$ cat entry37.cif   # mmCIF, C-alpha atoms
data_entry
loop_
_atom_site.group_PDB
_atom_site.id
_atom_site.type_symbol
_atom_site.label_atom_id
_atom_site.label_comp_id
_atom_site.auth_asym_id
_atom_site.auth_seq_id
_atom_site.Cartn_x
_atom_site.Cartn_y
_atom_site.Cartn_z
ATOM 1 C CA MET A 1 -0.417 -12.499 -25.899
ATOM 2 C CA GLY A 2 2.217 -12.888 -23.173
ATOM 3 C CA LEU A 3 1.581 -13.510 -19.513
ATOM 4 C CA PHE A 4 1.170 -9.810 -18.697
ATOM 5 C CA ASN A 5 -0.375 -8.652 -21.994
ATOM 6 C CA SER A 6 -4.008 -9.511 -21.430
ATOM 7 C CA ASN A 7 -6.361 -7.543 -23.671
ATOM 8 C CA TYR A 8 -9.485 -6.736 -21.711
ATOM 9 C CA SER A 9 -11.217 -5.272 -24.765
ATOM 10 C CA LYS A 10 -11.561 -8.683 -26.445
ATOM 11 C CA PRO A 11 -14.937 -10.487 -26.340
ATOM 12 C CA GLY A 12 -15.552 -12.634 -23.310
ATOM 13 C CA PRO A 13 -18.147 -13.531 -20.692
ATOM 14 C CA GLY A 14 -17.591 -10.305 -18.736
ATOM 15 C CA VAL A 15 -20.609 -8.747 -17.090
ATOM 16 C CA SER A 16 -23.977 -8.448 -18.748
ATOM 17 C CA LYS A 17 -24.838 -4.891 -19.780
ATOM 18 C CA ASP A 18 -28.197 -5.316 -18.047
ATOM 19 C CA GLU A 19 -26.622 -6.502 -14.797
ATOM 20 C CA PRO A 20 -26.694 -3.686 -12.211
ATOM 21 C CA LYS A 21 -23.329 -2.761 -10.775
ATOM 22 C CA ARG A 22 -22.913 -3.414 -7.103
ATOM 23 C CA LYS A 23 -21.848 -0.676 -4.759
ATOM 24 C CA GLY A 24 -19.491 -0.429 -1.806
ATOM 25 C CA LEU A 25 -17.784 -3.572 -0.560
ATOM 26 C CA GLY A 26 -20.011 -5.725 -2.773
ATOM 27 C CA ARG A 27 -18.518 -4.049 -5.847
ATOM 28 C CA TYR A 28 -14.996 -4.459 -4.440
ATOM 29 C CA TYR A 29 -15.461 -8.190 -3.823
ATOM 30 C CA GLN A 30 -16.981 -8.564 -7.291
ATOM 31 C CA LEU A 31 -13.836 -6.995 -8.786
ATOM 32 C CA VAL A 32 -11.552 -9.274 -6.763
ATOM 33 C CA VAL A 33 -13.378 -12.356 -8.053
ATOM 34 C CA ARG A 34 -13.615 -11.194 -11.684
ATOM 35 C CA LYS A 35 -10.014 -9.944 -11.866
ATOM 36 C CA PHE A 36 -8.511 -12.633 -9.633
ATOM 37 C CA TRP A 37 -5.902 -13.979 -12.061
ATOM 38 C CA ASP A 38 -5.095 -10.525 -13.365
ATOM 39 C CA LEU A 39 -4.529 -9.340 -9.793
ATOM 40 C CA ILE A 40 -2.034 -12.173 -9.316
ATOM 41 C CA LYS A 41 -0.168 -11.095 -12.477
ATOM 42 C CA LEU A 42 -0.219 -7.474 -11.344
ATOM 43 C CA ASN A 43 0.991 -8.453 -7.864
ATOM 44 C CA LEU A 44 3.999 -10.298 -9.318
ATOM 45 C CA LEU A 45 4.800 -7.419 -11.663
ATOM 46 C CA TYR A 46 4.551 -4.883 -8.844
ATOM 47 C CA ILE A 47 6.842 -6.883 -6.556
ATOM 48 C CA VAL A 48 9.549 -7.134 -9.228
ATOM 49 C CA THR A 49 9.488 -3.425 -10.133
ATOM 50 C CA LEU A 50 9.124 -2.351 -6.490
ATOM 51 C CA LEU A 51 12.316 -4.078 -5.303
ATOM 52 C CA PRO A 52 14.724 -1.057 -5.517
ATOM 53 C CA THR A 53 12.579 1.314 -3.440
ATOM 54 C CA PHE A 54 11.381 -1.510 -1.184
ATOM 55 C CA ALA A 55 15.011 -2.354 -0.335
ATOM 56 C CA VAL A 56 15.713 1.228 0.769
ATOM 57 C CA VAL A 57 12.686 1.281 3.091
ATOM 58 C CA PHE A 58 13.627 -2.190 4.360
ATOM 59 C CA VAL A 59 17.026 -0.879 5.491
ATOM 60 C CA LEU A 60 15.561 2.263 7.056
ATOM 61 C CA SER A 61 12.938 0.181 8.899
ATOM 62 C CA GLY A 62 15.770 -0.957 11.165
ATOM 63 C CA MET A 63 15.138 2.279 13.094
ATOM 64 C CA ILE A 64 11.877 0.708 14.252
ATOM 65 C CA SER A 65 12.758 -2.992 14.404
ATOM 66 C CA ASN A 66 15.803 -2.262 16.587
ATOM 67 C CA ARG A 67 13.448 -0.865 19.220
ATOM 68 C CA PHE A 68 11.834 -4.294 19.549
ATOM 69 C CA SER A 69 15.083 -6.233 19.789
ATOM 70 C CA ILE A 70 15.792 -8.284 22.900
ATOM 71 C CA ASP A 71 19.260 -9.146 24.169
ATOM 72 C CA ILE A 72 19.970 -12.683 22.917
ATOM 73 C CA ASN A 73 21.232 -13.721 26.376
ATOM 74 C CA GLU A 74 17.896 -12.724 27.903
ATOM 75 C CA LEU A 75 16.066 -14.364 25.007
ATOM 76 C CA ALA A 76 17.979 -17.614 25.542
ATOM 77 C CA LYS A 77 17.043 -17.593 29.242
ATOM 78 C CA LEU A 78 13.376 -16.912 28.487
ATOM 79 C CA GLY A 79 13.202 -19.598 25.830
ATOM 80 C CA GLY A 80 15.368 -22.079 27.635
ATOM 81 C CA GLY A 81 17.440 -22.625 24.499
ATOM 82 C CA SER A 82 20.952 -21.973 23.252
ATOM 83 C CA LEU A 83 22.429 -18.630 22.230
ATOM 84 C CA VAL A 84 22.437 -19.794 18.613
ATOM 85 C CA ASP A 85 18.685 -20.498 18.716
ATOM 86 C CA ALA A 86 18.082 -17.156 20.424
ATOM 87 C CA ALA A 87 20.122 -15.360 17.750
ATOM 88 C CA LYS A 88 18.079 -17.050 15.014
ATOM 89 C CA VAL A 89 14.822 -15.940 16.648
ATOM 90 C CA SER A 90 16.138 -12.396 17.083
ATOM 91 C CA ILE A 91 17.283 -12.104 13.453
ATOM 92 C CA THR A 92 14.067 -13.638 12.097
ATOM 93 C CA THR A 93 11.916 -11.275 14.164
ATOM 94 C CA ASP A 94 13.947 -8.281 12.991
ATOM 95 C CA LEU A 95 13.607 -9.266 9.314
ATOM 96 C CA ILE A 96 9.867 -9.876 9.607
ATOM 97 C CA ILE A 97 9.247 -6.503 11.287
ATOM 98 C CA ARG A 98 11.293 -4.750 8.602
ATOM 99 C CA PHE A 99 9.445 -6.613 5.854
ATOM 100 C CA TYR A 100 5.967 -5.691 7.041
ATOM 101 C CA ILE A 101 6.867 -2.065 7.717
ATOM 102 C CA SER A 102 8.215 -1.897 4.155
ATOM 103 C CA ALA A 103 5.127 -3.653 2.769
ATOM 104 C CA LEU A 104 2.752 -1.253 4.544
ATOM 105 C CA PHE A 105 4.882 1.662 3.353
ATOM 106 C CA ALA A 106 4.524 0.441 -0.248
ATOM 107 C CA ILE A 107 0.750 -0.035 0.001
ATOM 108 C CA LEU A 108 -0.222 3.014 2.055
ATOM 109 C CA TRP A 109 2.474 5.533 1.017
ATOM 110 C CA GLY A 110 3.572 4.068 -2.301
ATOM 111 C CA GLY A 111 6.843 2.872 -3.743
ATOM 112 C CA GLY A 112 7.739 5.601 -6.205
ATOM 113 C CA PRO A 113 7.663 4.939 -9.990
ATOM 114 C CA ALA A 114 6.327 1.375 -9.710
ATOM 115 C CA THR A 115 3.238 2.644 -7.876
ATOM 116 C CA ALA A 116 2.273 4.891 -10.820
ATOM 117 C CA GLY A 117 1.945 1.866 -13.102
ATOM 118 C CA PHE A 118 0.318 -0.172 -10.323
ATOM 119 C CA VAL A 119 -2.349 2.449 -9.588
ATOM 120 C CA TYR A 120 -3.069 3.064 -13.270
ATOM 121 C CA ILE A 121 -3.826 -0.637 -13.850
ATOM 122 C CA LEU A 122 -5.978 -0.825 -10.701
ATOM 123 C CA ARG A 123 -7.864 2.294 -11.769
ATOM 124 C CA SER A 124 -8.510 0.679 -15.170
ATOM 125 C CA PHE A 125 -9.803 -2.494 -13.503
ATOM 126 C CA ILE A 126 -12.260 -0.448 -11.436
ATOM 127 C CA ALA A 127 -13.420 1.616 -14.422
ATOM 128 C CA GLU A 128 -13.676 -1.529 -16.620
ATOM 129 C CA ASP A 129 -11.343 0.142 -19.131
ATOM 130 C CA PRO A 130 -9.429 -2.043 -21.600
ATOM 131 C CA VAL A 131 -5.767 -2.353 -20.634
ATOM 132 C CA PHE A 132 -2.621 -4.214 -21.663
ATOM 133 C CA LEU A 133 -1.110 -5.133 -18.330
ATOM 134 C CA ALA A 134 2.644 -4.947 -18.959
ATOM 135 C CA SER A 135 2.774 -2.274 -21.666
ATOM 136 C CA ASP A 136 0.386 0.133 -19.920
ATOM 137 C CA TYR A 137 2.097 -0.540 -16.592
ATOM 138 C CA PHE A 138 5.539 0.468 -17.858
ATOM 139 C CA LYS A 139 4.129 3.280 -19.999
ATOM 140 C CA HIS A 140 2.755 5.017 -16.919
ATOM 141 C CA ILE A 141 5.904 4.386 -14.904
ATOM 142 C CA LYS A 142 7.826 6.194 -17.632
ATOM 143 C CA SER A 143 5.364 9.062 -18.129
ATOM 144 C CA ASN A 144 5.195 9.805 -14.386
ATOM 145 C CA LEU A 145 8.817 9.037 -13.546
ATOM 146 C CA LYS A 146 9.944 12.517 -12.455
ATOM 147 C CA GLN A 147 7.008 13.243 -10.159
ATOM 148 C CA THR A 148 6.977 9.792 -8.559
ATOM 149 C CA ILE A 149 10.692 9.971 -7.736
ATOM 150 C CA ILE A 150 10.166 13.387 -6.095
ATOM 151 C CA VAL A 151 7.182 12.058 -4.109
ATOM 152 C CA TRP A 152 9.132 8.988 -2.999
ATOM 153 C CA ILE A 153 12.118 11.085 -1.833
ATOM 154 C CA ILE A 154 9.741 13.316 0.155
ATOM 155 C CA ASP A 155 8.219 10.185 1.701
ATOM 156 C CA ILE A 156 11.612 8.799 2.708
ATOM 157 C CA ILE A 157 12.532 12.100 4.368
ATOM 158 C CA MET A 158 9.171 12.204 6.172
ATOM 159 C CA PHE A 159 9.541 8.586 7.294
ATOM 160 C CA VAL A 160 12.947 9.240 8.859
ATOM 161 C CA LEU A 161 11.838 12.523 10.467
ATOM 162 C CA LEU A 162 8.652 11.022 11.920
ATOM 163 C CA CYS A 163 10.536 8.038 13.352
ATOM 164 C CA TYR A 164 13.212 10.177 14.980
ATOM 165 C CA ALA A 165 10.649 12.677 16.283
ATOM 166 C CA TYR A 166 8.503 9.900 17.781
ATOM 167 C CA PHE A 167 11.477 8.258 19.507
ATOM 168 C CA PHE A 168 12.739 11.634 20.751
ATOM 169 C CA TYR A 169 9.436 12.648 22.330
ATOM 170 C CA GLY A 170 8.762 9.108 23.531
ATOM 171 C CA SER A 171 11.976 9.137 25.572
ATOM 172 C CA SER A 172 11.542 12.726 26.786
ATOM 173 C CA PRO A 173 10.582 13.418 30.400
ATOM 174 C CA GLY A 174 7.376 15.021 31.626
ATOM 175 C CA ILE A 175 4.961 16.824 29.354
ATOM 176 C CA LEU A 176 7.323 16.611 26.386
ATOM 177 C CA SER A 177 6.563 12.901 26.125
ATOM 178 C CA ASN A 178 3.048 13.807 24.914
ATOM 179 C CA GLY A 179 4.652 15.064 21.733
ATOM 180 C CA LYS A 180 4.725 11.476 20.466
ATOM 181 C CA TYR A 181 0.928 11.590 20.129
ATOM 182 C CA VAL A 182 1.176 14.676 17.959
ATOM 183 C CA ILE A 183 3.670 12.819 15.760
ATOM 184 C CA LEU A 184 1.261 9.875 15.487
ATOM 185 C CA VAL A 185 -1.522 12.218 14.350
ATOM 186 C CA ILE A 186 0.775 13.786 11.752
ATOM 187 C CA ALA A 187 1.792 10.321 10.536
ATOM 188 C CA LEU A 188 -1.867 9.263 10.299
ATOM 189 C CA PHE A 189 -2.827 12.350 8.297
ATOM 190 C CA TYR A 190 0.195 11.973 6.022
ATOM 191 C CA THR A 191 -0.866 8.371 5.403
ATOM 192 C CA MET A 192 -4.451 9.415 4.638
ATOM 193 C CA LEU A 193 -3.446 11.910 1.966
ATOM 194 C CA HIS A 194 -1.438 9.176 0.226
ATOM 195 C CA LEU A 195 -4.656 7.230 -0.333
ATOM 196 C CA TYR A 196 -5.480 9.806 -3.025
ATOM 197 C CA LEU A 197 -2.078 11.101 -4.081
ATOM 198 C CA TYR A 198 -1.071 8.490 -6.658
ATOM 199 C CA HIS A 199 -4.549 8.395 -8.194
ATOM 200 C CA LEU A 200 -4.416 12.157 -8.721
ATOM 201 C CA LEU A 201 -0.833 11.877 -9.993
ATOM 202 C CA VAL A 202 -1.621 9.380 -12.771
ATOM 203 C CA THR A 203 -5.003 10.904 -13.648
ATOM 204 C CA TYR A 204 -4.546 14.691 -13.659
ATOM 205 C CA LYS A 205 -1.848 17.171 -14.668
ATOM 206 C CA LEU A 206 -0.900 18.659 -11.303
ATOM 207 C CA SER A 207 2.273 20.106 -9.831
ATOM 208 C CA ILE A 208 3.809 18.522 -6.729
ATOM 209 C CA PRO A 209 2.369 21.219 -4.388
ATOM 210 C CA GLN A 210 -1.057 20.798 -6.025
ATOM 211 C CA LEU A 211 -0.840 17.025 -5.602
ATOM 212 C CA TYR A 212 -0.246 17.287 -1.859
ATOM 213 C CA ARG A 213 -2.763 20.080 -1.379
ATOM 214 C CA ASN A 214 -5.579 18.268 -3.198
ATOM 215 C CA SER A 215 -4.730 14.927 -1.589
ATOM 216 C CA ALA A 216 -4.903 16.574 1.849
ATOM 217 C CA LEU A 217 -8.286 18.100 0.990
ATOM 218 C CA PHE A 218 -9.665 14.712 -0.061
ATOM 219 C CA ALA A 219 -8.248 13.121 3.105
ATOM 220 C CA ILE A 220 -10.091 15.687 5.231
ATOM 221 C CA SER A 221 -13.355 15.623 3.261
ATOM 222 C CA ALA A 222 -13.471 11.813 3.342
ATOM 223 C CA LEU A 223 -12.022 11.408 6.844
ATOM 224 C CA PRO A 224 -14.104 8.399 8.025
ATOM 225 C CA PHE A 225 -13.514 6.486 4.772
ATOM 226 C CA SER A 226 -9.806 7.303 4.871
ATOM 227 C CA ILE A 227 -9.430 5.901 8.388
ATOM 228 C CA ILE A 228 -11.487 2.801 7.530
ATOM 229 C CA THR A 229 -9.297 2.189 4.465
ATOM 230 C CA ILE A 230 -6.106 2.336 6.537
ATOM 231 C CA VAL A 231 -7.520 0.026 9.224
ATOM 232 C CA PHE A 232 -8.929 -2.473 6.702
ATOM 233 C CA THR A 233 -5.745 -2.563 4.624
ATOM 234 C CA SER A 234 -3.491 -2.920 7.671
ATOM 235 C CA PHE A 235 -5.728 -5.718 8.963
ATOM 236 C CA ILE A 236 -5.485 -7.657 5.692
ATOM 237 C CA MET A 237 -1.708 -7.259 5.618
ATOM 238 C CA LEU A 238 -1.036 -8.122 9.256
ATOM 239 C CA ILE A 239 -3.702 -10.604 10.391
ATOM 240 C CA TRP A 240 -1.986 -13.685 8.913
ATOM 241 C CA PRO A 241 1.485 -13.165 10.391
ATOM 242 C CA ALA A 242 -0.140 -12.107 13.679
ATOM 243 C CA ILE A 243 -1.945 -15.448 13.895
ATOM 244 C CA GLY A 244 1.223 -17.303 13.009
ATOM 245 C CA PHE A 245 3.468 -15.625 15.563
ATOM 246 C CA THR A 246 0.981 -15.756 18.429
ATOM 247 C CA SER A 247 0.070 -19.393 17.863
ATOM 248 C CA LEU A 248 1.025 -21.796 20.636
ATOM 249 C CA ASN A 249 1.062 -24.674 18.174
ATOM 250 C CA GLU A 250 4.338 -24.811 16.227
ATOM 251 C CA SER A 251 2.829 -26.574 13.195
ATOM 252 C CA LEU A 252 0.029 -24.017 13.002
ATOM 253 C CA ALA A 253 2.539 -21.182 13.300
ATOM 254 C CA VAL A 254 4.653 -22.602 10.449
ATOM 255 C CA PHE A 255 1.514 -23.003 8.319
ATOM 256 C CA PHE A 256 0.388 -19.383 8.767
ATOM 257 C CA VAL A 257 3.871 -17.953 8.251
ATOM 258 C CA THR A 258 4.263 -19.987 5.052
ATOM 259 C CA ALA A 259 0.765 -19.019 3.879
ATOM 260 C CA THR A 260 1.587 -15.367 4.550
ATOM 261 C CA LEU A 261 4.683 -15.493 2.372
ATOM 262 C CA ILE A 262 2.762 -17.173 -0.465
ATOM 263 C CA LEU A 263 -0.125 -14.704 -0.220
ATOM 264 C CA THR A 264 2.246 -11.742 -0.158
ATOM 265 C CA VAL A 265 4.025 -12.854 -3.314
ATOM 266 C CA THR A 266 0.847 -13.777 -5.190
ATOM 267 C CA LEU A 267 -1.982 -11.519 -4.059
ATOM 268 C CA LEU A 268 -1.743 -9.288 -0.971
ATOM 269 C CA PHE A 269 -0.276 -6.172 -2.606
ATOM 270 C CA ALA A 270 -2.845 -6.233 -5.412
ATOM 271 C CA VAL A 271 -5.847 -6.950 -3.163
ATOM 272 C CA CYS A 272 -4.888 -4.211 -0.692
ATOM 273 C CA GLY A 273 -3.962 -1.820 -3.497
ATOM 274 C CA LEU A 274 -7.314 -2.446 -5.190
ATOM 275 C CA TYR A 275 -9.134 -1.572 -1.967
ATOM 276 C CA VAL A 276 -7.120 1.646 -1.530
ATOM 277 C CA GLU A 277 -7.715 2.662 -5.153
ATOM 278 C CA PHE A 278 -11.388 1.683 -4.950
ATOM 279 C CA ASN A 279 -11.788 4.082 -2.024
ATOM 280 C CA ALA A 280 -9.883 6.821 -3.885
ATOM 281 C CA VAL A 281 -12.038 6.485 -7.011
ATOM 282 C CA THR A 282 -15.253 6.434 -4.981
ATOM 283 C CA GLN A 283 -14.409 9.534 -2.942
ATOM 284 C CA ILE A 284 -12.851 11.572 -5.740
ATOM 285 C CA LYS A 285 -15.850 10.965 -8.014
ATOM 286 C CA LYS A 286 -18.007 12.775 -5.486
ATOM 287 C CA TYR A 287 -16.121 16.000 -6.131
ATOM 288 C CA ILE A 288 -14.621 15.683 -9.631
ATOM 289 C CA LYS A 289 -17.071 14.647 -12.335
ATOM 290 C CA GLU A 290 -15.992 12.988 -15.563
ATOM 291 C CA ASP A 291 -16.907 16.088 -17.584
ATOM 292 C CA ALA A 292 -15.174 18.489 -15.208
ATOM 293 C CA LYS A 293 -12.780 20.970 -16.820
ATOM 294 C CA VAL A 294 -9.681 19.549 -15.211
ATOM 295 C CA GLU A 295 -6.636 18.775 -17.333
ATOM 296 C CA ARG A 296 -6.113 15.037 -17.413
ATOM 297 C CA ASN A 297 -2.988 13.017 -18.158
ATOM 298 C CA GLU A 298 -4.744 11.111 -20.921
#
$ encode --input "entry37.cif" --output "structure tokens"
Amino acid sequence: MGLFNSNYSKPGPGVSKDEPKRKGLGRYYQLVVRKFWDLIKLNLLYIVTLLPTFAVVFVLSGMISNRFSIDINELAKLGGGSLVDAAKVSITTDLIIRFYISALFAILWGGGPATAGFVYILRSFIAEDPVFLASDYFKHIKSNLKQTIIVWIIDIIMFVLLCYAYFFYGSSPGILSNGKYVILVIALFYTMLHLYLYHLLVTYKLSIPQLYRNSALFAISALPFSIITIVFTSFIMLIWPAIGFTSLNESLAVFFVTATLILTVTLLFAVCGLYVEFNAVTQIKKYIKEDAKVERNE
């Protein structure tokens, strides 16, 4: 077998049939430990196939990162350094903000076709179903290609509209400025429905309107869990760079920034994605039983 062609149906230590399955976070941590190396493989595969859509979001994220930019002359005065050093800091900060906006977009909203394969593999890990990592990954990218491209285009349009609307109301005078809070609520709800959207997409035969409608219903019915999932996932993604860039010790800052880059490449997408999918599976199972008469994709 190749690097990404692990066969999980072959005999191995696994989990004893008499061993009770854990629930909640205990079950999630158990999966992370048991599938650790497979999550690393999946993370690398996801990063490679995500690059085209990630690059588009990275460029568009400049709408947000530009709002945090500081004039390099002012930055040089504050830091007591040269204009060249200030320019380096400004560019680095801009790239990092763009990167993490794009990374959160990919985890919480999805990255189009690549996310279909990603979610299918994660769903199989959770269900303990046998899976061939690379072949099943690309199979489900191909079989869901049309719908995932449509969903991703809708997401890009929504991202641009929400950003412009937030900045417009945020700079408006008087009572109009409160409109930015409405936009934040819309953005939060739109994020919550995405926690279920790709799971429904790869699991059931649904039209695009049905996908969004059912995802919205799950987001509402599981509101506390949806919010917790977003907070937990965002925390995992952002805590390491936050420590690095707020550290007063330069060596410590370099260590955390370097560790963040390594973790992102090797594990962060898969660990966060597993948590999102774990929540989706848990909540959806409450309402759709395995023997329910719903047309499935498999």
$ closest_residue --input "entry37.cif" --among "A:Tyr196, A:Tyr204, A:Tyr181, A:Phe105" --to "Phe159 (chain A)" --atoms "only C-alpha atoms"
A:Phe105
$ closest_residue --input "entry37.cif" --among "A:Ser226, A:Ser171, A:Thr191, A:Asn144" --to "Met158 (chain A)" --atoms "only C-alpha atoms"
A:Thr191
$ resolve_selection --input "entry37.cif" --expression "the PyMOL selection byres ((chain A and resi 95) around 12)" --output "list in words"
Ala55, Phe58, Val59, Leu60, Ser61, Gly62, Ile64, Ser65, Asn66, Phe68, Ser69, Lys88, Val89, Ser90, Ile91, Thr92, Thr93, Asp94, Ile96, Ile97, Arg98, Phe99, Tyr100, Ile101 and Ser102 of chain A
$ write_last_selection --input "entry37.cif" --atoms "C-alpha atoms" --output "PDB file, in the frame of the given file"
ATOM      1  CA  ALA A  55      15.011  -2.354  -0.335  1.00  0.00           C
ATOM      2  CA  PHE A  58      13.627  -2.190   4.360  1.00  0.00           C
ATOM      3  CA  VAL A  59      17.026  -0.879   5.491  1.00  0.00           C
ATOM      4  CA  LEU A  60      15.561   2.263   7.056  1.00  0.00           C
ATOM      5  CA  SER A  61      12.938   0.181   8.899  1.00  0.00           C
ATOM      6  CA  GLY A  62      15.770  -0.957  11.165  1.00  0.00           C
ATOM      7  CA  ILE A  64      11.877   0.708  14.252  1.00  0.00           C
ATOM      8  CA  SER A  65      12.758  -2.992  14.404  1.00  0.00           C
ATOM      9  CA  ASN A  66      15.803  -2.262  16.587  1.00  0.00           C
ATOM     10  CA  PHE A  68      11.834  -4.294  19.549  1.00  0.00           C
ATOM     11  CA  SER A  69      15.083  -6.233  19.789  1.00  0.00           C
ATOM     12  CA  LYS A  88      18.079 -17.050  15.014  1.00  0.00           C
ATOM     13  CA  VAL A  89      14.822 -15.940  16.648  1.00  0.00           C
ATOM     14  CA  SER A  90      16.138 -12.396  17.083  1.00  0.00           C
ATOM     15  CA  ILE A  91      17.283 -12.104  13.453  1.00  0.00           C
ATOM     16  CA  THR A  92      14.067 -13.638  12.097  1.00  0.00           C
ATOM     17  CA  THR A  93      11.916 -11.275  14.164  1.00  0.00           C
ATOM     18  CA  ASP A  94      13.947  -8.281  12.991  1.00  0.00           C
ATOM     19  CA  ILE A  96       9.867  -9.876   9.607  1.00  0.00           C
ATOM     20  CA  ILE A  97       9.247  -6.503  11.287  1.00  0.00           C
ATOM     21  CA  ARG A  98      11.293  -4.750   8.602  1.00  0.00           C
ATOM     22  CA  PHE A  99       9.445  -6.613   5.854  1.00  0.00           C
ATOM     23  CA  TYR A 100       5.967  -5.691   7.041  1.00  0.00           C
ATOM     24  CA  ILE A 101       6.867  -2.065   7.717  1.00  0.00           C
ATOM     25  CA  SER A 102       8.215  -1.897   4.155  1.00  0.00           C
TER      26      SER A 102
END
$ resolve_selection --input "entry37.cif" --expression "the PyMOL selection byres ((chain A and resi 284) around 12)" --output "ChimeraX atom specification"
/A:195-197,199-200,203-204,214-215,217-219,221-222,225-226,277-283,285-290,292
$ resolve_selection --input "entry37.cif" --expression "the PyMOL selection byres ((chain A and resi 137) around 12)" --output "JSON, numbers by chain"
{"A": [4, 5, 6, 41, 42, 43, 45, 46, 49, 113, 114, 115, 116, 117, 118, 119, 120, 121, 122, 123, 124, 131, 132, 133, 134, 135, 136, 138, 139, 140, 141, 142, 143, 144, 202]}
$ closest_residue --input "entry37.cif" --among "A:Gln30, A:Gly174, A:Phe189, A:Gly110" --to "Leu50 (chain A)" --atoms "only C-alpha atoms"
A:Gly110
$ residues_around --input "entry37.cif" --residues "Gln147 (chain A)" --least-positions-apart "3" --cutoff "9 Å" --atoms "all atoms listed in the file" --output "PyMOL selection string"
chain A and resi 112-113+144+150-152+201+207-208
$ atom_distance --input "entry37.cif" --atom1 "CA of Thr233 (chain A)" --atom2 "CA of Leu44 (chain A)"
18.7 Å
$ decode --input "entry37.cif" --residues "region 106-118 of chain A" --atoms "N, CA, C and O atoms" --output "short mmCIF file (atom, residue, chain, number, x, y, z; two decimals), in the first residue's frame"
data_model
loop_
_atom_site.label_atom_id
_atom_site.label_comp_id
_atom_site.auth_asym_id
_atom_site.auth_seq_id
_atom_site.Cartn_x
_atom_site.Cartn_y
_atom_site.Cartn_z
N ALA A 106 -11.62 27.70 5.32
CA ALA A 106 -11.55 26.32 4.84
C ALA A 106 -12.13 25.33 5.85
O ALA A 106 -12.81 24.37 5.48
N ILE A 107 -11.88 25.57 7.14
CA ILE A 107 -12.36 24.66 8.17
C ILE A 107 -13.84 24.87 8.47
O ILE A 107 -14.61 23.90 8.58
N LEU A 108 -14.26 26.11 8.63
CA LEU A 108 -15.63 26.38 9.06
C LEU A 108 -16.63 26.50 7.91
O LEU A 108 -17.80 26.15 8.06
N TRP A 109 -16.19 26.99 6.74
CA TRP A 109 -17.08 27.11 5.59
C TRP A 109 -16.80 26.03 4.54
O TRP A 109 -17.68 25.67 3.78
N GLY A 110 -15.58 25.57 4.49
CA GLY A 110 -15.21 24.57 3.48
C GLY A 110 -14.41 25.17 2.35
O GLY A 110 -14.37 26.38 2.18
N GLY A 111 -13.79 24.29 1.58
CA GLY A 111 -12.95 24.74 0.47
C GLY A 111 -13.36 24.14 -0.84
O GLY A 111 -12.50 23.83 -1.68
N GLY A 112 -14.66 23.93 -1.03
CA GLY A 112 -15.14 23.40 -2.31
C GLY A 112 -14.90 21.91 -2.46
O GLY A 112 -15.05 21.14 -1.49
N PRO A 113 -14.52 21.43 -3.65
CA PRO A 113 -14.39 20.00 -3.93
C PRO A 113 -13.52 19.24 -2.94
O PRO A 113 -13.86 18.13 -2.53
N ALA A 114 -12.39 19.82 -2.54
CA ALA A 114 -11.48 19.12 -1.63
C ALA A 114 -12.17 18.77 -0.31
O ALA A 114 -11.88 17.74 0.30
N THR A 115 -13.10 19.61 0.13
CA THR A 115 -13.77 19.39 1.41
C THR A 115 -14.70 18.19 1.36
O THR A 115 -14.94 17.54 2.38
N ALA A 116 -15.23 17.86 0.17
CA ALA A 116 -16.09 16.68 0.04
C ALA A 116 -15.30 15.41 0.37
O ALA A 116 -15.74 14.56 1.15
N GLY A 117 -14.10 15.29 -0.21
CA GLY A 117 -13.26 14.14 0.09
C GLY A 117 -12.80 14.14 1.54
O GLY A 117 -12.78 13.10 2.21
N PHE A 118 -12.44 15.31 2.04
CA PHE A 118 -11.98 15.49 3.42
C PHE A 118 -13.05 15.05 4.42
O PHE A 118 -12.78 14.26 5.33
#
